[in-house]
Every structure is written in structure tokens, then in C-alpha cells.
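S.K.: My structure is below; once you've seen it, I'll send some questions.
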Amino acid sequence: TGVQTCALPIYPEDRQALTAAIERGVQTHAPFELRGRLRRADGLYRHVVALALPVPEARGTGQGWAGSIQDVTEEVWAAEWEARAQQLLSLSVQGSSARLTFRAALDELARLAPAPAALLVQPAGPREAWRTLAAHGPAARLQAYLTRLPAAAPTAEGAAPPWWQGPTPEAPLQADDLLLVPLWHEEQPIALALLDLPGGPVDPTSLAHLRWLQGHLAPVVHSALLRDALERSEAHARSIVSALDEGVVMIDTRGQIVTVNRAARELLNLRGQPSPGLHDAGWALEDEHGRPVPLDQYPAAVALRTGQPVRQQLLARRNARGGRAWFSINAMPLDDHSGVVVSFSDVTEAVTLRQQLTAQTLQDDLTGLGNRRSFRQATQALHGPHAAALLIDVDHFKSVNDTYGHHVGDDLLRCIAARLRDVSPAGAHQARLGGDEFGLTHPALPVGAAAALARRIVNTLGQPFTLGDARIVVSASVGVATATCVVVAELHRAADLAMYTVKRAGRSGWHLFDDTLT
């Protein structure tokens with residue numbers, strides 16, 4: 001008779017694909033996964049992942065289905081939003097022109113709203129008018145609105161006007177047909193975006209995306225404002241260069257440093273010391289992967305050797321505190337062939353922001369382990385005959401939430417994550433895949449070692465947990481798959497089948513995948 005999904009609150013564009021996937025799963029009588037969007041009680045659509053498992057009926061006369069569903073909206077959003085945020089961030093790291101950066105930032109805000117017209121403005125002073133940084137579409141109405149909007153930013157003498165604050169600090173302020181998006185940097189408002197909304201308020205999903213992007217745009221726009229000041233005023237540029245901690249070094253054809261400005265001495269910690277030559281190993285520059293860069297590959301050395309400029313090369317150097325300082329370096333050969341001029345700026349903040357952005361998309365906020373996306377990447381990176389994957393499902397976890405509350409359940413998941421870290425061998429990658437399911441991968445774990453690890457996990461998670469006044473006992477069902485039994489690309493699926501073999505057998509144990517489970 002076919003699968004009836006009409007009554008389900010499925011997103012219309014997903015209905016046909018989900019119906020087909022369900023029909024295929026029912027026909028094959030095998031576990032299958034569904035991904036799509038379902039409407040919540042408040043009318044919002046959320047991204048979900050559902051797992052369906054065949055379950056024999058008690059009388060043995062037929063087969064039913066059981067399953068689970070998980071809300072993965074934040075993970076999907078982060079994956080969708082990350083690429084564009086990375087592109088905007090690269091404008092700051094690469095030193096693109098201020099005008100291009102302002103326009104790209106405003107175009108992205110207008111695209112998300114969506115808004116046919118938008119303005120990005122800067123307060124010109126406590127009593128002065130706004131200064132337009134970028135415009136999108138026919139913005140005459142927004143310009144007229146600005147004439148009624150004082151530009152004053154917060155000062156020691158007075159509080160910030162309401163449009164800087166929004167309903168909550170640093171959040172967009174939405175009116176009937178207008179959205180104000182303030183941008184803050186180091187607790188100071190630096191710019192304001194005005195979005196024209198003739199179609200009415202922004203939908204909740206787009207508004208969430210705007211809030212997320214708002215915090216990432218602020219340092220990009222701040223960097224562009226500083227570059228803009230350099231472009232507009234040569235006299236002002238000298239003070240801006242110092243404020244930006246940009247350095248300039250002149251090197252002759254022998255590799256000896258001829259001139260070092262004050263900012264460069266501070267950046268390179270050369271105050272009161274003689275300037276090292278280009279061939280001095282003390283520079284100890286590293287690339288983006290932490291590998292030492294050979295001296296003959298330094299930007300200045302390449303420019304001297306080839307006579308060609310090297311622009312915006314990103315390299316790191318250890319600072320006095322042992323941390324890494326990141327620099328965007330340019331090396332320009334002099335026209336008279338007497339040497340090369342190296343200019344560089346500290347982009348540590350921008351690089352760190354990019355790294356944090358990447359890390360956030362791969363980490364489970366509750367446990368600190370990797371998330372499902374990181375587990376998928378770790379599995380895809382496995383290779384070799386001893387690669388292994390384990391899937392761990394915590395038995396009876398729902399009863400803990402029902403008995404003690406979700407806050408205790410969250411504490412239990414953190415404790416389980418800690419025990420998994422403790423019991424895992426070096427080189428393992430642990431992740432929380434969602435709910436009470438965890439995963440573990442290892443690039444070199446023979447069958448015997450993988451089986452021993454599964455036994456340790458079952459025994460370790462079977463020990464009681466003491467959480468406040470509660471003494472909680474759970475168990476674990478562990479599925480194991482190694483590259484000796486299945487191709488690497490199928491390790492995740494094989495471990496999943498092995499885990500559900502344990503659950504069907506009564507839980508609290510482990511099972512190694514073999515050909516009988518295919």
C-alpha cells in the first residue's frame with residue numbers, strides 16, 4: 001500500500017525524498033537513516049536525523065520498526081554558515097581594500113535578511129553626522145532615516161542611544177520594516193548596519209543567522225576601518241600603523257637588516273638588541289601546519305632570489321610567552337636591486353578567530369569531545385589495515401533523565417566522556433554523536449587490541465557514577481569494526497550494525513563486526 005507520510009509535519013520540499021527513503025528501508029528490512037526538516041509545535045522547521053531499526057514482533061509473526069530522532073539544526077546551520085564566514089574573515093587576513101570589505105560585509109547582511117536596500121555607517125563623532133561606509137540597493141529611504149538618528153556613540157558623560165543596544169546588548173533591533181545591526185569591537189560600537197525590510201520582520205532562522213554573523217563581522221569591519229583610515233590620510237597613517245602594530249624592515253642583498261622601525265622591533269621583540277640577519281636561524285618561522293619554514297623559503301629570501309614580490313604570506317613565530325604570533329608578510333624588491341622591503345602586520349586575532357570558528361563546528365558543547373561531524377571526518381581520514389571504529393550506546397540513559405532530571409543526565413554524559421578519554425589509547429579520537437551515543441576511531445588498532453578496548457569500555461562505564469546524592473548505574477553496548485573485517489569506508493556502518501547486535505541480545509556488552517551482519 002506504500003508509506004503514508006501526508007500526516008507528518010515534513011517540510012514540503014523534503015517530503016518526496018523522505019518518502020522514497022522510507023519505502024526503500026521498509027522493503028530491504030535493514031536499518032536506515034533519514035535526514036530532513038520537521039515542523040515543531042511552534043511552527044518552526046528544524047533539521048533532524050532519524051534512525052529506523054527493524055524489530056521483530058513479540059509473537060514472531062511479523063516485523064515492526066523502532067527508531068530515534070535527533071535535532072541537528074545547530075550543526076546543519078554551522079556547516080551552512082561557516083564557508084561564507086570564512087570568506088569574509090579572509091578579507092581581513094589578506095588585507096583587502098577597506099571599500100571591498102565594507103561592501104562584502106553589507107551585502108552578506110542584506111542577503112540574509114533579505115533586504116533590497118541596506119547601509120553600513122560609522123559614527124563620525126559625538127556631535128557629527130554619520131559617515132556612510134557602504135550602500136546596497138536604493139538606500140534613499142535609509143539615508144533619510146539617518147538624518148533623524150543621532151550618531152553619538154557611548155561616552156563617559158552619557159549612555160548609548162537605544163539603537164546601539166537593541167533589545168539586548170549587541171543584538172539586532174527589529175522594527176516593523178527596519179532592522180538595525182550594531183557592530184561592536186572590544187566593547188565599543190564601531191559601525192551600524194541598517195536593513196530595509198519592506199516585506200516585514202525577518203523570519204526566526206534568518207534572524208538567528210544574522211545574530212551569529214554579527215559577532216564575526218565586527219573584527220572584520222574593525223580591521224577595514226583601520227585600513228580605511230590609512231587610505232584616507234597619509235599623516236594619520238603613521239599613527240594607525242603603530243596602533244595596528246605593523247612593522248617595516250629593510251634588508252640588503254647580503255641578507256643584512258639595514259632598517260627596522262619601532263613597530264617591527266616591538267613585534268619581533270628586538271628592543272635593545274642588535275637586529276639579526278635574514279639567515280639567522282633565530283627567526284624560527286612556522287607555516288600554518290606548525291612546520292618549520294626553511295630559511296631560503298622566507299618571503300624576504302624568495303623576493304631577493306627571484307626579484308619578484310611576495311604578498312600576504314601567512315607565517316607564525318613563537319613569542320616570549322611560548323604562544324604563536326601570526327603575521328601577514330609582504331616582501332617587495334627595491335627597484336634599484338639594492339635589497340628588499342618587508343612589511344608585516346600581526347593578524348593573530350583574525351587567525352585565532354578563524355581557528356575558533358573551525359573548532360566550534362567540530363566540538364560537542366556539552367562534553368568537550370568531538371561532535372558527529374568531527375567523527376565523520378576522523379572516520380574518512382582513516383586508512384591502513386589496522387584502522388578501527390567503535391560505537392558506544394549508553395543503556396538505560398532515558399531512565400536517568402526521567403528519574404533525576406536532565407541536569408543530572410547532562411552531568412552523567414560529561415562523566416562518561418571523561419571515562420572514555422581515560423580508557424582510550426593514545427591517538428584515539430572520541431566524539432559524542434548525539435544523545436547518549438558516542439564514537440571512537442583509531443588509525444592503528446589491531447583486532448585483539450580493539451576487542452580489549454571494547455571490554456574496557458563496557459567495564460568502565462558499568463562502574464557506578466556518583467553525582468551529588470545520586471548513585472547511578474548504567475551499562476554500555478559497544479560495536480567494534482576493524483579494517484581487517486570491512487573496507488575502511490564502511491567502518492562506521494559496520495560498527496553501528498555490531499552495536500545493535502549487542503542491544504538486540506540484551507545490551508551491556510560488545511560485539512565485533514563479521515560477515516554475518518551484512
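Naming scheme: A, B, ... for chains in displayed order of the C-alpha cells; residues 1 onward per chain; ligands 1 onward as shown.
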Please identify every residue of stretch 414-476 of chain A that has at least one atom no farther than 8 Å from an atom of stretch 481-488 of chain A, counting only C-alpha atoms, and for each give the shortest atom pair and the distance in Å to one decimal, arranged by chain then increasing number, as a tab-separated table.
M.R.:
```
residue	atom	partner	partner_atom	distance
A:Leu445	CA	A:Thr482	CA	7.8
A:Pro446	CA	A:Thr482	CA	7.4
A:Val447	CA	A:Thr482	CA	6.5
A:Ala450	CA	A:Thr482	CA	7.7
```
S.K.: What does the distance between atom CA of A:Thr73 and atom CA of A:Arg493 come to in Å, to one decimal place?
M.R.: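 Separation of atom CA of A:Thr73 and atom CA of A:Arg493: 22.8 Å.
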S.K.: I need the residues in stretch 358-476 of chain A that are helix (DSSP H, G or I) according to DSSP; give them as a ChimeraX atom specification.
M.R.: /A:358-360,372-380,397-404,406-423,447-462
S.K.: Could you please determine the separation between atom CA of A:Pro385 and atom CA of A:Ile416 in Å, to one decimal place?
M.R.: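 According to the coordinates, atom CA of A:Pro385 and atom CA of A:Ile416 are separated by 29.3 Å.
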S.K.: Compare A:Leu512, A:Val474, A:Val260, A:Leu440 by their minimum atom-to-atom distance to A:Ile392, counting only C-alpha atoms, and give me the closest one.
M.R.: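 Once distances to A:Ile392 are computed over only C-alpha atoms, the minimum belongs to A:Leu440.
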S.K.: Leaving out stretch 455-468 of chain A and any residue of its chain fewer than 2 positions from it, which residues lie within 9 Å of it when counting only C-alpha atoms, given as a PyMOL selection string?
M.R.: chain A and resi 392+394+408+411-412+415-416+419-420+423-424+450-453+470-478+508-510
S.K.: Using only C-alpha atoms, which of A:Val76, A:Leu267, A:Leu100, A:Leu497 sits nearest A:Gly247?
M.R.: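 Checking each candidate against A:Gly247, we get A:Leu267 as the closest.
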S.K.: Between atom CA of A:Pro9 and atom CA of A:Gly36, what is the distance, to one decimal in Å?
M.R.: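 For atom CA of A:Pro9 relative to atom CA of A:Gly36, the distance reads 10.8 Å.
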S.K.: Please run DSSP on the backbone and report, as an MDAnalysis selection string, all residues within stretch 263-455 of chain A that come out as strand (DSSP E).
M.R.: chainID A and resid 285:286 310:318 324:333 339:346 388:395 429:434 437:442
S.K.: If we count only C-alpha atoms, what is near A:Gly434 at a cut-off of 10 Å, once residues fewer than 4 positions away on the same chain are taken out, given as a list in words?
M.R.: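 Everything that qualifies: Val49, Ile69, Gln70, Asp71, Val72, Asp364, Asn371, Arg372, Phe438 and Gly439 of chain A.
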S.K.: Any chance you could export the current selection's C-alpha atoms as an mmCIF file, in the first residue's frame?
M.R.:
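Full text of again31.cif as output:
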```
data_model
loop_
_atom_site.group_PDB
_atom_site.id
_atom_site.type_symbol
_atom_site.label_atom_id
_atom_site.label_comp_id
_atom_site.auth_asym_id
_atom_site.auth_seq_id
_atom_site.Cartn_x
_atom_site.Cartn_y
_atom_site.Cartn_z
ATOM 1 C CA VAL A 49 18.277 12.894 11.808
ATOM 2 C CA ILE A 69 15.139 11.178 16.204
ATOM 3 C CA GLN A 70 17.687 13.888 16.933
ATOM 4 C CA ASP A 71 17.557 17.653 16.363
ATOM 5 C CA VAL A 72 20.731 18.622 14.445
ATOM 6 C CA ASP A 364 30.300 18.915 21.241
ATOM 7 C CA ASN A 371 30.768 16.006 17.534
ATOM 8 C CA ARG A 372 29.174 13.887 14.811
ATOM 9 C CA PHE A 438 29.476 8.054 21.451
ATOM 10 C CA GLY A 439 32.068 7.066 18.867
#
```
